[in-house]
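**Q** Next comes the structure file coords34.pdb, holding PDB, C-alpha atoms.
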```
ATOM      1  CA  MET A   1      -3.120  22.075 -20.984
ATOM      2  CA  THR A   2      -2.195  23.012 -24.488
ATOM      3  CA  GLU A   3       0.091  20.988 -26.753
ATOM      4  CA  LEU A   4       2.761  23.696 -26.557
ATOM      5  CA  LEU A   5       2.636  23.768 -22.765
ATOM      6  CA  ASP A   6       2.787  19.959 -22.644
ATOM      7  CA  GLU A   7       5.859  19.872 -24.871
ATOM      8  CA  ASN A   8       7.481  22.630 -22.811
ATOM      9  CA  ILE A   9       6.854  20.629 -19.663
ATOM     10  CA  LEU A  10       8.371  17.551 -21.271
ATOM     11  CA  GLN A  11      11.474  19.488 -22.334
ATOM     12  CA  ILE A  12      11.874  20.906 -18.845
ATOM     13  CA  VAL A  13      11.310  17.518 -17.217
ATOM     14  CA  LEU A  14      13.852  15.844 -19.474
ATOM     15  CA  ARG A  15      16.490  17.889 -17.640
ATOM     16  CA  TRP A  16      15.333  16.466 -14.279
ATOM     17  CA  ASP A  17      16.664  19.304 -12.224
ATOM     18  CA  GLU A  18      14.958  20.785  -9.180
ATOM     19  CA  GLN A  19      13.199  23.502 -11.167
ATOM     20  CA  SER A  20      11.799  21.058 -13.710
ATOM     21  CA  PHE A  21      10.600  18.776 -10.942
ATOM     22  CA  ARG A  22       8.757  21.678  -9.293
ATOM     23  CA  ILE A  23       7.074  22.550 -12.587
ATOM     24  CA  LEU A  24       5.945  18.964 -13.113
ATOM     25  CA  TYR A  25       4.706  18.772  -9.528
ATOM     26  CA  LYS A  26       2.796  22.046  -9.852
ATOM     27  CA  GLU A  27       1.169  21.041 -13.143
ATOM     28  CA  TYR A  28       0.134  17.499 -12.219
ATOM     29  CA  TYR A  29      -0.207  17.209  -8.432
ATOM     30  CA  LYS A  30      -3.807  18.401  -8.052
ATOM     31  CA  ILE A  31      -5.140  16.597 -11.103
ATOM     32  CA  LEU A  32      -3.487  13.315 -10.062
ATOM     33  CA  VAL A  33      -4.894  13.620  -6.532
ATOM     34  CA  THR A  34      -8.350  14.234  -8.002
ATOM     35  CA  TYR A  35      -7.941  11.197 -10.247
ATOM     36  CA  GLY A  36      -6.869   9.085  -7.258
ATOM     37  CA  VAL A  37      -9.829  10.285  -5.185
ATOM     38  CA  GLN A  38     -12.202   9.278  -7.985
ATOM     39  CA  ILE A  39     -10.864   5.736  -7.781
ATOM     40  CA  THR A  40     -10.351   5.302  -4.027
ATOM     41  CA  GLY A  41     -12.894   7.701  -2.574
ATOM     42  CA  ASN A  42     -10.192   8.637  -0.053
ATOM     43  CA  ARG A  43      -8.343  11.939  -0.375
ATOM     44  CA  VAL A  44      -5.613  11.095   2.136
ATOM     45  CA  ALA A  45      -4.799   7.840   0.333
ATOM     46  CA  ALA A  46      -4.812   9.617  -3.040
ATOM     47  CA  GLU A  47      -2.444  12.304  -1.742
ATOM     48  CA  ASP A  48      -0.136   9.605  -0.359
ATOM     49  CA  HIS A  49      -0.092   7.824  -3.718
ATOM     50  CA  VAL A  50       0.761  11.008  -5.594
ATOM     51  CA  GLN A  51       3.505  11.822  -3.072
ATOM     52  CA  GLU A  52       4.959   8.324  -3.548
ATOM     53  CA  LEU A  53       4.841   8.779  -7.322
ATOM     54  CA  PHE A  54       6.695  12.071  -7.196
ATOM     55  CA  SER A  55       9.230  10.669  -4.738
ATOM     56  CA  THR A  56       9.911   7.823  -7.145
ATOM     57  CA  LEU A  57      10.232  10.236 -10.062
ATOM     58  CA  TYR A  58      12.633  12.401  -8.101
ATOM     59  CA  GLU A  59      14.805   9.441  -7.096
ATOM     60  CA  GLN A  60      14.768   7.487 -10.368
ATOM     61  CA  THR A  61      14.480  10.257 -13.000
ATOM     62  CA  PRO A  62      13.054   8.051 -15.769
ATOM     63  CA  HIS A  63      13.272   9.050 -19.438
ATOM     64  CA  PHE A  64      10.130   9.730 -21.472
ATOM     65  CA  LEU A  65      10.028   9.936 -25.251
ATOM     66  CA  ASN A  66       7.151  12.393 -25.412
ATOM     67  CA  VAL A  67       4.547  14.073 -23.259
ATOM     68  CA  TYR A  68       2.051  11.271 -23.897
ATOM     69  CA  THR A  69       4.302   8.611 -22.375
ATOM     70  CA  LEU A  70       4.972  10.910 -19.414
ATOM     71  CA  ARG A  71       1.273  11.543 -18.880
ATOM     72  CA  SER A  72       0.451   7.869 -19.370
ATOM     73  CA  TYR A  73       3.067   6.921 -16.782
ATOM     74  CA  LEU A  74       1.674   9.399 -14.246
ATOM     75  CA  TYR A  75      -1.958   8.333 -14.633
ATOM     76  CA  ASN A  76      -1.221   4.599 -14.854
ATOM     77  CA  THR A  77       0.894   4.750 -11.724
ATOM     78  CA  ILE A  78      -1.860   6.494  -9.756
ATOM     79  CA  ARG A  79      -4.471   4.085 -11.120
ATOM     80  CA  ASN A  80      -2.363   1.062 -10.112
ATOM     81  CA  LYS A  81      -1.574   2.447  -6.652
ATOM     82  CA  SER A  82      -5.265   3.238  -6.140
ATOM     83  CA  LEU A  83      -6.360  -0.246  -7.203
ATOM     84  CA  MET A  84      -3.748  -1.807  -4.885
ATOM     85  CA  TYR A  85      -5.115   0.370  -2.081
ATOM     86  CA  LEU A  86      -8.662  -0.817  -2.774
ATOM     87  CA  ARG A  87      -7.508  -4.433  -2.896
ATOM     88  CA  HIS A  88      -5.732  -3.965   0.441
ATOM     89  CA  LYS A  89      -8.869  -2.431   1.966
ATOM     90  CA  GLN A  90     -10.913  -5.354   0.665
ATOM     91  CA  VAL A  91      -8.475  -7.822   2.238
ATOM     92  CA  GLU A  92      -8.489  -5.829   5.481
ATOM     93  CA  ASN A  93     -12.289  -5.872   5.610
ATOM     94  CA  GLY A  94     -12.225  -9.605   4.933
ATOM     95  CA  TYR A  95      -9.901 -10.084   7.915
ATOM     96  CA  PHE A  96     -12.344  -8.372  10.241
ATOM     97  CA  GLN A  97     -15.285 -10.324   8.902
ATOM     98  CA  ASN A  98     -13.355 -13.533   9.399
ATOM     99  CA  ILE A  99     -12.382 -12.586  12.952
ATOM    100  CA  LEU A 100     -15.969 -11.868  13.851
ATOM    101  CA  GLN A 101     -17.181 -15.105  12.278
ATOM    102  CA  CYS A 102     -14.538 -17.166  14.091
ATOM    103  CA  ASN A 103     -14.980 -15.299  17.382
ATOM    104  CA  PRO A 104     -18.553 -14.062  17.807
ATOM    105  CA  LYS A 105     -17.719 -13.004  21.380
ATOM    106  CA  TYR A 106     -15.759 -10.072  19.883
ATOM    107  CA  GLU A 107     -18.699  -8.828  17.868
ATOM    108  CA  ILE A 108     -19.780  -5.431  19.086
ATOM    109  CA  GLU A 109     -23.157  -3.882  18.537
ATOM    110  CA  ASN A 110     -23.236  -1.082  16.022
ATOM    111  CA  ASN A 111     -23.229   1.726  18.571
ATOM    112  CA  GLY A 112     -19.892   3.362  17.821
ATOM    113  CA  GLU A 113     -17.734   0.952  19.789
ATOM    114  CA  GLU A 114     -16.612  -0.978  16.703
ATOM    115  CA  GLY A 115     -13.991   1.673  16.003
ATOM    116  CA  PHE A 116     -12.509   0.933  19.391
ATOM    117  CA  PHE A 117     -12.378  -2.796  18.630
ATOM    118  CA  LYS A 118     -10.688  -2.150  15.305
ATOM    119  CA  GLU A 119      -8.092   0.165  16.852
ATOM    120  CA  GLU A 120      -7.454  -2.259  19.691
ATOM    121  CA  PHE A 121      -7.018  -5.150  17.285
ATOM    122  CA  TYR A 122      -4.534  -3.192  15.159
ATOM    123  CA  ARG A 123      -2.661  -2.042  18.236
ATOM    124  CA  HIS A 124      -2.123  -5.655  19.297
ATOM    125  CA  LEU A 125      -1.338  -6.760  15.765
ATOM    126  CA  SER A 126       1.181  -3.949  15.395
ATOM    127  CA  LYS A 127       2.886  -4.974  18.635
ATOM    128  CA  ALA A 128       3.078  -8.566  17.422
ATOM    129  CA  VAL A 129       4.465  -7.604  14.013
ATOM    130  CA  ASN A 130       7.061  -5.305  15.590
ATOM    131  CA  GLN A 131       8.424  -8.263  17.539
ATOM    132  CA  LEU A 132       9.324 -10.084  14.314
ATOM    133  CA  PRO A 133      12.931 -10.038  13.053
ATOM    134  CA  PRO A 134      13.448  -7.136  10.586
ATOM    135  CA  ARG A 135      13.382  -9.136   7.322
ATOM    136  CA  GLN A 136      10.452 -11.251   8.488
ATOM    137  CA  ARG A 137       8.618  -8.083   9.525
ATOM    138  CA  GLU A 138       9.251  -6.539   6.092
ATOM    139  CA  LEU A 139       7.948  -9.688   4.397
ATOM    140  CA  PHE A 140       4.900  -9.861   6.657
ATOM    141  CA  LEU A 141       4.004  -6.217   6.027
ATOM    142  CA  LEU A 142       4.238  -6.766   2.272
ATOM    143  CA  TYR A 143       1.972  -9.790   2.710
ATOM    144  CA  MET A 144      -0.499  -7.677   4.709
ATOM    145  CA  GLU A 145      -0.517  -5.141   1.857
ATOM    146  CA  GLY A 146      -1.950  -7.891  -0.328
ATOM    147  CA  LYS A 147       1.207  -8.620  -2.290
ATOM    148  CA  LYS A 148       1.543 -12.092  -3.813
ATOM    149  CA  ASN A 149       4.463 -14.375  -2.941
ATOM    150  CA  ARG A 150       6.141 -13.727  -6.302
ATOM    151  CA  GLU A 151       5.869  -9.968  -5.829
ATOM    152  CA  ILE A 152       7.362 -10.226  -2.353
ATOM    153  CA  ALA A 153      10.215 -12.388  -3.646
ATOM    154  CA  LYS A 154      11.003  -9.832  -6.323
ATOM    155  CA  ILE A 155      10.793  -6.825  -3.983
ATOM    156  CA  MET A 156      12.961  -8.454  -1.321
ATOM    157  CA  ASN A 157      15.258 -10.142  -3.824
ATOM    158  CA  ILE A 158      14.789 -13.609  -2.295
ATOM    159  CA  SER A 159      13.554 -16.928  -3.624
ATOM    160  CA  LEU A 160       9.891 -17.892  -3.728
ATOM    161  CA  GLU A 161      10.555 -20.762  -1.324
ATOM    162  CA  THR A 162      12.203 -18.394   1.146
ATOM    163  CA  VAL A 163       9.117 -16.181   1.001
ATOM    164  CA  LYS A 164       6.847 -19.135   1.778
ATOM    165  CA  THR A 165       9.045 -20.352   4.635
ATOM    166  CA  GLN A 166       9.511 -16.921   6.199
ATOM    167  CA  LYS A 167       5.819 -16.122   5.846
ATOM    168  CA  LYS A 168       4.883 -19.333   7.673
ATOM    169  CA  ARG A 169       7.354 -18.518  10.434
ATOM    170  CA  ALA A 170       6.060 -14.959  10.715
ATOM    171  CA  LEU A 171       2.460 -16.174  10.885
ATOM    172  CA  ALA A 172       3.355 -18.703  13.571
ATOM    173  CA  THR A 173       5.111 -16.039  15.620
ATOM    174  CA  VAL A 174       2.263 -13.555  15.251
ATOM    175  CA  ARG A 175      -0.239 -16.303  16.104
ATOM    176  CA  THR A 176       1.664 -17.105  19.313
ATOM    177  CA  ILE A 177       1.925 -13.469  20.342
ATOM    178  CA  MET A 178      -1.706 -12.712  19.563
ATOM    179  CA  LYS A 179      -2.862 -15.653  21.680
ATOM    180  CA  LYS A 180      -1.462 -13.747  24.643
ATOM    181  CA  TYR A 181      -4.056 -11.094  23.911
ATOM    182  CA  SER A 182      -6.839 -13.695  23.664
ATOM    183  CA  ILE A 183      -7.506 -12.842  20.038
ATOM    184  CA  ARG A 184      -7.495 -15.973  17.945
ATOM    185  CA  PHE A 185      -7.741 -14.253  14.622
ATOM    186  CA  ILE A 186      -4.915 -16.059  12.887
ATOM    187  CA  LEU A 187      -7.080 -18.960  11.710
ATOM    188  CA  PHE A 188      -8.201 -16.969   8.712
ATOM    189  CA  PHE A 189      -4.569 -16.561   7.601
ATOM    190  CA  ILE A 190      -4.470 -20.261   6.797
ATOM    191  CA  HIS A 191      -6.767 -19.609   3.851
ATOM    192  CA  PHE A 192      -4.176 -17.287   2.304
ATOM    193  CA  LEU A 193      -1.137 -19.589   2.564
TER     194      LEU A 193
END
```
Could you quickly redo this structure as structure tokens?
**A**
Amino acid sequence: MTELLDENILQIVLRWDEQSFRILYKEYYKILVTYGVQITGNRVAAEDHVQELFSTLYEQTPHFLNVYTLRSYLYNTIRNKSLMYLRHKQVENGYFQNILQCNPKYEIENNGEEGFFKEEFYRHLSKAVNQLPPRQRELFLLYMEGKKNREIAKIMNISLETVKTQKKRALATVRTIMKKYSIRFILFFIHFL
């Protein structure tokens, strides 16, 4: 993009009307997805992150002083969302490793059936989480995304102590429900409390 085009985009975006939003989307969508894919290695996740970014822009209509702050905001947001995604994937992979270490009877030979185990585990976990009260479920899902207690407290506008208490209750409830399915995976959660 040329300097003139960048400044024109900034002037249009400063209006934050539907037309200016479309122009911004058209100019930056593909390049931001590409940037996200470079970080995550996952096109679907990168597209989701860019969609979330544009949804936030559309709802909040922030003010930018110049095209450089706008561009910096766009790229930094995608970088941060991508890194959070990778951190979540790392935590998720750690959960499975921990489950298999704690319960070797669930280990499946590498013959294509592991995908089934993973799906079955998440199906049961999803059922358990859906049985939580709404606020506890929201807190638990934020926790599963890899958010820290302070982040959760800020997002949910509750105290840090409330986060800790509600998280313990949610874990206890999920532990009880999951025992019904004979999956004793919750032991590894203790390490994260």
**Q** Could you tell me how far CA of Thr165 (chain A) lies from CA of Arg135 (chain A), in Å and to one decimal?
**A**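 Distance between the two atoms: 12.3 Å.
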**Q** So the first atom is CA of Leu171 (chain A) and the second is CA of His49 (chain A); what is the distance between them in Å, to one decimal place?
**A**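 Between CA of Leu171 (chain A) and CA of His49 (chain A) the gap is 28.2 Å.
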**Q** Could you please determine the separation between CA of Ala45 (chain A) and CA of Met156 (chain A) in Å, to one decimal place?
**A**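 Here the two named atoms are 24.2 Å from each other.
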**Q** Restricting the calculation to only C-alpha atoms: of A:Met178, A:Val163, A:Val44, A:Leu74, which residue gets closest to Gln131 (chain A)?
**A**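 For Gln131 (chain A), the nearest of the given residues is A:Met178.
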**Q** Run the PyMOL selection byres ((chain A and resi 145-150) around 10) mentally over the shown coordinates, then write out the matched residues as number ranges by chain, using the chain letters and numbers from the document.
**A** A: 84-85, 87-92, 139-144, 151-156, 158-164, 167, 192-193
**Q** List the residues selected by the PyMOL selection byres ((chain A and resi 128) around 10) in the file shown, writing them as JSON, numbers by chain.
**A** {"A": [122, 123, 124, 125, 126, 127, 129, 130, 131, 132, 137, 170, 173, 174, 175, 176, 177, 178, 180, 181]}
**Q** In terms of the shortest atom-to-atom distance over all atoms listed in the file, which of A:Tyr28, A:Tyr35, A:Tyr75, A:Phe21 is closest to Tyr58 (chain A)?
**A**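 Under the stated criterion, the closest residue is A:Phe21.
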**Q** Please evaluate the PyMOL selection byres ((chain A and resi 32) around 9) against the structure above and give the resulting residues as a list of chain:residue names.
**A** A:Tyr28, A:Tyr29, A:Lys30, A:Ile31, A:Val33, A:Thr34, A:Tyr35, A:Gly36, A:Val37, A:Ala46, A:Glu47, A:Val50, A:Leu74, A:Tyr75, A:Ile78
**Q** What would region 70-81 of chain A look like with all heavy atoms in place, written as a CSV table (one decimal), keeping the file's coordinate frame?
**A**
```
chain,number,residue,atom,x,y,z
A,70,LEU,N,4.9,10.3,-20.8
A,70,LEU,CA,5.0,10.9,-19.4
A,70,LEU,C,3.6,10.9,-18.7
A,70,LEU,O,3.4,10.4,-17.6
A,70,LEU,CB,5.5,12.3,-19.5
A,70,LEU,CG,5.4,13.2,-18.2
A,70,LEU,CD1,6.2,12.6,-17.1
A,70,LEU,CD2,5.8,14.6,-18.4
A,71,ARG,N,2.6,11.5,-19.4
A,71,ARG,CA,1.3,11.5,-18.9
A,71,ARG,C,0.7,10.1,-18.6
A,71,ARG,O,0.1,9.9,-17.6
A,71,ARG,CB,0.4,12.3,-19.8
A,71,ARG,CG,-0.9,12.8,-19.2
A,71,ARG,CD,-1.8,13.6,-20.1
A,71,ARG,NE,-1.1,14.7,-20.7
A,71,ARG,CZ,-1.5,15.2,-21.8
A,71,ARG,NH1,-2.4,14.7,-22.5
A,71,ARG,NH2,-0.8,16.3,-22.3
A,72,SER,N,0.9,9.2,-19.5
A,72,SER,CA,0.5,7.9,-19.4
A,72,SER,C,1.1,7.2,-18.1
A,72,SER,O,0.4,6.6,-17.3
A,72,SER,CB,0.8,7.1,-20.6
A,72,SER,OG,0.4,5.7,-20.4
A,73,TYR,N,2.4,7.5,-18.0
A,73,TYR,CA,3.1,6.9,-16.8
A,73,TYR,C,2.5,7.5,-15.5
A,73,TYR,O,2.2,6.7,-14.5
A,73,TYR,CB,4.6,7.3,-16.9
A,73,TYR,CG,5.3,6.9,-15.6
A,73,TYR,CD1,5.8,5.6,-15.4
A,73,TYR,CD2,5.6,7.8,-14.6
A,73,TYR,CE1,6.4,5.2,-14.3
A,73,TYR,CE2,6.3,7.5,-13.5
A,73,TYR,CZ,6.7,6.2,-13.3
A,73,TYR,OH,7.4,5.8,-12.2
A,74,LEU,N,2.2,8.8,-15.4
A,74,LEU,CA,1.7,9.4,-14.2
A,74,LEU,C,0.3,8.8,-13.9
A,74,LEU,O,0.0,8.4,-12.8
A,74,LEU,CB,1.6,10.9,-14.4
A,74,LEU,CG,2.9,11.7,-14.6
A,74,LEU,CD1,2.6,13.1,-14.9
A,74,LEU,CD2,3.8,11.5,-13.4
A,75,TYR,N,-0.6,8.8,-14.9
A,75,TYR,CA,-2.0,8.3,-14.6
A,75,TYR,C,-2.0,6.8,-14.4
A,75,TYR,O,-2.7,6.4,-13.5
A,75,TYR,CB,-2.9,8.7,-15.8
A,75,TYR,CG,-3.3,10.1,-15.8
A,75,TYR,CD1,-2.6,11.1,-16.6
A,75,TYR,CD2,-4.3,10.6,-15.0
A,75,TYR,CE1,-3.0,12.4,-16.6
A,75,TYR,CE2,-4.7,11.9,-14.9
A,75,TYR,CZ,-4.0,12.8,-15.7
A,75,TYR,OH,-4.4,14.1,-15.7
A,76,ASN,N,-1.2,6.0,-15.1
A,76,ASN,CA,-1.2,4.6,-14.9
A,76,ASN,C,-0.7,4.3,-13.5
A,76,ASN,O,-1.2,3.4,-12.8
A,76,ASN,CB,-0.4,3.9,-15.9
A,76,ASN,CG,-1.2,3.8,-17.2
A,76,ASN,OD1,-2.4,3.8,-17.3
A,76,ASN,ND2,-0.4,3.7,-18.3
A,77,THR,N,0.3,5.0,-13.1
A,77,THR,CA,0.9,4.8,-11.7
A,77,THR,C,-0.1,5.0,-10.6
A,77,THR,O,-0.3,4.2,-9.7
A,77,THR,CB,2.2,5.6,-11.5
A,77,THR,OG1,3.1,5.3,-12.5
A,77,THR,CG2,2.7,5.3,-10.1
A,78,ILE,N,-0.8,6.2,-10.8
A,78,ILE,CA,-1.9,6.5,-9.8
A,78,ILE,C,-3.0,5.5,-9.8
A,78,ILE,O,-3.5,5.1,-8.8
A,78,ILE,CB,-2.4,7.9,-9.9
A,78,ILE,CG1,-1.2,8.9,-9.7
A,78,ILE,CG2,-3.6,8.2,-9.1
A,78,ILE,CD1,-0.6,8.8,-8.3
A,79,ARG,N,-3.4,5.1,-11.0
A,79,ARG,CA,-4.5,4.1,-11.1
A,79,ARG,C,-4.0,2.8,-10.4
A,79,ARG,O,-4.8,2.2,-9.6
A,79,ARG,CB,-4.8,3.8,-12.6
A,79,ARG,CG,-6.0,2.9,-12.7
A,79,ARG,CD,-6.3,2.3,-14.1
A,79,ARG,NE,-5.2,1.4,-14.4
A,79,ARG,CZ,-4.5,1.4,-15.5
A,79,ARG,NH1,-4.7,2.3,-16.4
A,79,ARG,NH2,-3.6,0.5,-15.7
A,80,ASN,N,-2.8,2.3,-10.7
A,80,ASN,CA,-2.4,1.1,-10.1
A,80,ASN,C,-2.2,1.2,-8.6
A,80,ASN,O,-2.6,0.2,-7.9
A,80,ASN,CB,-1.0,0.7,-10.7
A,80,ASN,CG,-1.2,0.2,-12.2
A,80,ASN,OD1,-2.3,-0.1,-12.6
A,80,ASN,ND2,-0.1,0.3,-12.9
A,81,LYS,N,-1.7,2.3,-8.1
A,81,LYS,CA,-1.6,2.4,-6.7
A,81,LYS,C,-3.0,2.5,-6.0
A,81,LYS,O,-3.2,1.9,-4.9
A,81,LYS,CB,-0.8,3.7,-6.3
A,81,LYS,CG,0.7,3.6,-6.5
A,81,LYS,CD,1.4,4.9,-6.2
A,81,LYS,CE,2.9,4.8,-6.3
A,81,LYS,NZ,3.5,3.9,-5.4
```
